[in-house]
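Structure first, then comments.
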Amino acid sequence: MSSGTNSSGAPRYRFAPSPTGFFHVGGARTALYNWALAKRSGGTFVLRIEDTDEARNRPEWTQGIIDALAWIGIDRDDPTFEGPYFQSEYATAHVAAAERLYRDGHAYYCDLTTEQIQERAKASGRPGYDGYSRDRGLEPGPGRVLRFRVPEGVTIVDDLVRGRVEFQNDTIEDFVLLRGNGSPMFLLANVVDDASMRISHVVRAEEHLPNAPKQQLLWQALGHTPPTWAHVPVLVNEQRKKLSKRRDKVALEQYRDEGYLATAMINYLMTLGWAPQGETEIVPWSRIQDEFRLEDVNHSPAFFDLKKLAAFNGEYVRMLSVDEFVDACRPWLHGDAVPWSPEQFDEAVFRSMAELVQTRIVTLADVPALVDFMFLDAPIVDEAAWTKTFASAEAVAMLAAARTSFESVEWTSESLKIATEECGAALGLKLGKAQAPVRVAVTGRTVGPPLFEALELLGREIVLDRLDVARHRLD
RNA sequence: GCCCCCAUCGUCUAGUGGCCUAGGACACCACCCUUUCAAGGUGGCGGCACGGGUUCGAAUCCCGUUGGGGGUGCCA
């Protein structure tokens with residue numbers, strides 16, 4: 001695949017998000033692509049932020065991008081990371097480039113208003129601007145836009161993922177470079193910045209593909225060799241529409257805040273449109289960095305599947321060592337969202353249950369609900385579970401039997417299990433049925449971590465007390 | 001309307017002319033394991049959009065159809 005590549009020096013991959021107050025998961029994937037390639041090639045990941053008026057007043061938006069990148073392992077302190085740069089820093093250069101284009105005959109001024117253009121389009125039956133001012137020789141002036149003079153012929157965009165894409169130049173209208181007020185347009189600013197930063201690879205979402213021929217023409221008119229293009233497919237929702245902020249959960253920060261692991265998120269994102277060699281999709285970033293190739297990226301849009309993400313996350317949660325897991329859980333075990341007070345929480349107790357919790361959660365946010373009964377004075381009772389469990393006389397009897405038995409049994413999980421078994425047997429209940437009333441009385445729920453381990457940890461006094469409370473409640 | 005892109009199980013993918021009676025993963029179903037719930041194990045369901053070519057041979061190459069998506073701003 002040989003489009004003109006900036007041959008001098010190491011490759012430079014630019015990632016140019018526009019700040020919008022959150023970081024899009026699609027953007028995250030594109031960033032990861034750029035990052036993997038830059039890292040492996042010994043090149044550079046250039047972060048250039050598209051500066052808008054609104055973003056300028058909200059520096060936290062830019063910080064949000066940097067934080068989000070850091071979360072997925074794109075570390076600003078890494079020497080591969082260059083930036084952030086802001087588009088506005090180059091505004092003078094943008095205008096200068098436009099004027100050069102005008103002097104060289106690659107651009108011309110036009111005084112048509114949007115309404116006039118529409119009228120002409122309507123009259124001719126062809127939509128869009130028809131090149132009316134091309135040869136009118138207009139001088140610069142207030143209200144006059146500078147338009148690019150699209151040359152005749154064919155523009156071939158040589159794209160690393162899509163191959164050779166041909167555009168007939170007569171289907172590309174003479175697009176605006178400078179607005180009537182003299183300010184540069186995005187397309188121009190982008191090219192000028194890329195060229196002056198000697199960007200060699202532009203890897204971005206497919207929605208930009210129609211812009212590529214225009215930009216390539218601009219690179220050439222400016223006297224530069226165009227970069228290597230790669231337009232990667234977009235991420236879509238179940239309706240096969242491009243993920244949108246309005247309808248879909250697209251903020252990377254939200255996944256972070258809901259307790260998804262960055263490792264899982266990164267891995268999942270990379271399997272959308274690409275697959276690592278071999279038997280499994282669960283692979284560490286190091287392997288992805290070594291193996292990822294744009295040439296192997298799929299051509300069609302990929303559905304962002306929450307269920308599969310959840311499966312990946314569970315997979316990664318279970319891979320954690322106990323220490324790592326406890327560390328990762330910490331933010332979810334403290335703070336306002338948690339039902340217990342700081343004094344009630346005991347990390348040592350949590351640690352001893354950690355392994356049992358690990359196989360039972362999807363995200364870290366699921367952790368508190370599994371262990372809250374260990375720290376609260378009284379369990380949070382799930383009414384539906386309670387009603388269902390104590391609907392039978394045996395269940396009520398079982399509770400009383402366990403209360404009596406637990407008074408004197410040796411306080412280990414193994415003995416507690418045997419004691420429960422015996423009480424159940426006397427009532428014709430198997431262990432599965434026998435443990436239920438005890439579980440609901442002590443934990444408030446029908447589901448949770450293995451019961452007898454929890455009872456042992458809780459201690460005889462608390463357990464007996466909760467059994468009593470439950471019996472009173474039944475009366 | 002015009003331009004461009006895309007098309008393998010429900011979903012994400014492997015597959016680059018014979019190794020494919022199409023492989024894996026998620027989801028789903030069943031069974032096993034089991035103190036609940038998970039996790040784990042085993043098995044099952046399920047796909048090359050359609051029609052023409054090219055070829056000894058096509059999921060793979062070509063053309064068309066259909067169906068999706070994106071772009072068509074003095075937005076970025």
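Following the order of the structure tokens, chains are lettered A, B, ..., residues in each are numbered from 1, and ligands are numbered from 1.
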- Pull out every residue of chain A that has at least one atom within 7 Å of chain B, counting only C-alpha atoms (C1' of nucleotides), and report them as a ChimeraX atom specification. /A:145,171,179-180,186,207,210,272,275,279,281,299-300,307-308,359-360,431-432,435-436,446-448,450-451
Restrict the selected residues to N, CA and C atoms and save them as a compact mmCIF listing (two decimals), in the first residue's frame.
# COMPACT_ATOMS: atom_id res chain seq x y z
N VAL A 145 -16.02 34.88 0.54
CA VAL A 145 -15.33 33.67 1.02
C VAL A 145 -14.26 33.27 0.00
N THR A 171 -17.24 15.83 -8.96
CA THR A 171 -18.28 15.63 -7.96
C THR A 171 -17.91 16.32 -6.65
N ARG A 179 -13.84 31.88 5.61
CA ARG A 179 -15.20 32.41 5.69
C ARG A 179 -15.22 33.89 5.29
N GLY A 180 -16.41 34.42 5.17
CA GLY A 180 -16.58 35.81 4.81
C GLY A 180 -15.88 36.75 5.79
N PHE A 186 -12.39 24.40 9.10
CA PHE A 186 -11.82 23.19 9.70
C PHE A 186 -10.93 22.39 8.74
N GLU A 207 -16.34 8.21 8.76
CA GLU A 207 -17.19 9.33 8.37
C GLU A 207 -16.39 10.46 7.72
N PRO A 210 -15.19 11.03 2.97
CA PRO A 210 -15.52 11.98 1.91
C PRO A 210 -14.68 13.26 1.98
N LEU A 272 -13.32 -4.91 18.24
CA LEU A 272 -14.37 -4.39 17.37
C LEU A 272 -13.74 -3.99 16.05
N ALA A 275 -9.31 -8.66 15.14
CA ALA A 275 -9.17 -9.78 16.05
C ALA A 275 -7.72 -10.21 16.14
N GLU A 279 -6.45 -18.42 19.30
CA GLU A 279 -7.63 -19.06 19.83
C GLU A 279 -8.51 -18.15 20.68
N GLU A 281 -9.76 -14.18 22.23
CA GLU A 281 -9.80 -12.72 22.02
C GLU A 281 -9.29 -11.97 23.24
N HIS A 299 -13.89 -3.96 7.33
CA HIS A 299 -14.41 -2.83 6.56
C HIS A 299 -15.79 -2.38 6.99
N SER A 300 -16.46 -3.20 7.77
CA SER A 300 -17.85 -2.87 8.08
C SER A 300 -18.02 -2.40 9.53
N LYS A 307 -23.23 -6.54 26.39
CA LYS A 307 -23.17 -7.88 27.00
C LYS A 307 -21.78 -8.49 26.85
N LYS A 308 -21.21 -8.29 25.70
CA LYS A 308 -19.88 -8.86 25.50
C LYS A 308 -18.84 -8.09 26.30
N THR A 359 -15.81 -13.86 41.68
CA THR A 359 -16.48 -14.63 40.61
C THR A 359 -17.95 -14.25 40.47
N ARG A 360 -18.41 -13.34 41.30
CA ARG A 360 -19.84 -13.05 41.31
C ARG A 360 -20.23 -11.68 40.81
N LEU A 431 -29.83 -29.54 51.88
CA LEU A 431 -29.03 -28.37 52.27
C LEU A 431 -29.43 -27.10 51.51
N GLY A 432 -29.72 -27.27 50.22
CA GLY A 432 -30.10 -26.12 49.42
C GLY A 432 -31.30 -25.38 49.99
N GLN A 435 -30.50 -24.00 53.90
CA GLN A 435 -29.68 -22.81 54.13
C GLN A 435 -30.42 -21.52 53.82
N ALA A 436 -31.48 -21.63 53.04
CA ALA A 436 -32.17 -20.42 52.57
C ALA A 436 -32.69 -19.53 53.70
N THR A 446 -31.63 -13.75 49.02
CA THR A 446 -31.56 -15.19 48.70
C THR A 446 -30.28 -15.53 47.95
N VAL A 447 -29.64 -14.52 47.40
CA VAL A 447 -28.41 -14.79 46.67
C VAL A 447 -27.25 -14.04 47.32
N GLY A 448 -26.06 -14.59 47.15
CA GLY A 448 -24.89 -13.95 47.72
C GLY A 448 -23.72 -14.90 47.77
N PRO A 450 -20.97 -17.60 49.33
CA PRO A 450 -21.19 -18.80 50.13
C PRO A 450 -21.48 -18.45 51.58
N LEU A 451 -22.52 -19.06 52.13
CA LEU A 451 -23.08 -18.63 53.42
C LEU A 451 -22.21 -18.92 54.63
- Message: Residues of range 12-107 of chain A classed as helix (DSSP H, G or I) by DSSP on the backbone are to be reported as a PyMOL selection string.
- Response: chain A and resi 25-41+53-56+59-71+87-103
- Message: Report, in Å to a single decimal, how far apart CA of Asn313 in chain A and CA of Ala385 in chain A are.
- Response: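 Result for CA of Ala385 in chain A versus CA of Asn313 in chain A: 28.1 Å, one decimal.
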- Contacts of Ala470 in chain A at 9 Å (only C-alpha atoms (C1' of nucleotides); same-chain gap of 5+ positions) as a ChimeraX atom specification: /A:399,440-442,465,475
- In Å to one decimal, how far is CA of Arg12 in chain A from CA of Glu89 in chain A?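 So the answer is 19.1 Å.
What separates CA of Phe373 in chain A from CA of Val463 in chain A is a distance of 10.9 Å.
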- Determine, counting only C-alpha atoms (C1' of nucleotides), which protein, DNA and RNA residues have an atom within 8 Å of an atom of Thr412 in chain A; residues of the same chain fewer than 4 positions away are not included. Present the result as number ranges by chain. A: 416, 452-453, 456
Okay, now the selection with C-alpha atoms, as a PDB file, in the first residue's frame?
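result21.pdb, written as the output of this step:
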ATOM      1  CA  LEU A 416     -21.902 -24.663  60.545  1.00  0.00           C
ATOM      2  CA  PHE A 452     -21.061 -20.543  55.980  1.00  0.00           C
ATOM      3  CA  GLU A 453     -17.839 -18.680  55.299  1.00  0.00           C
ATOM      4  CA  GLU A 456     -17.894 -17.713  60.429  1.00  0.00           C
TER       5      GLU A 456
END
- Write out as a count of residues only which residues come within 8 Å of range 49-56 of chain B when counting only C-alpha atoms (C1' of nucleotides), dropping same-chain ones fewer than 6 positions away. 7
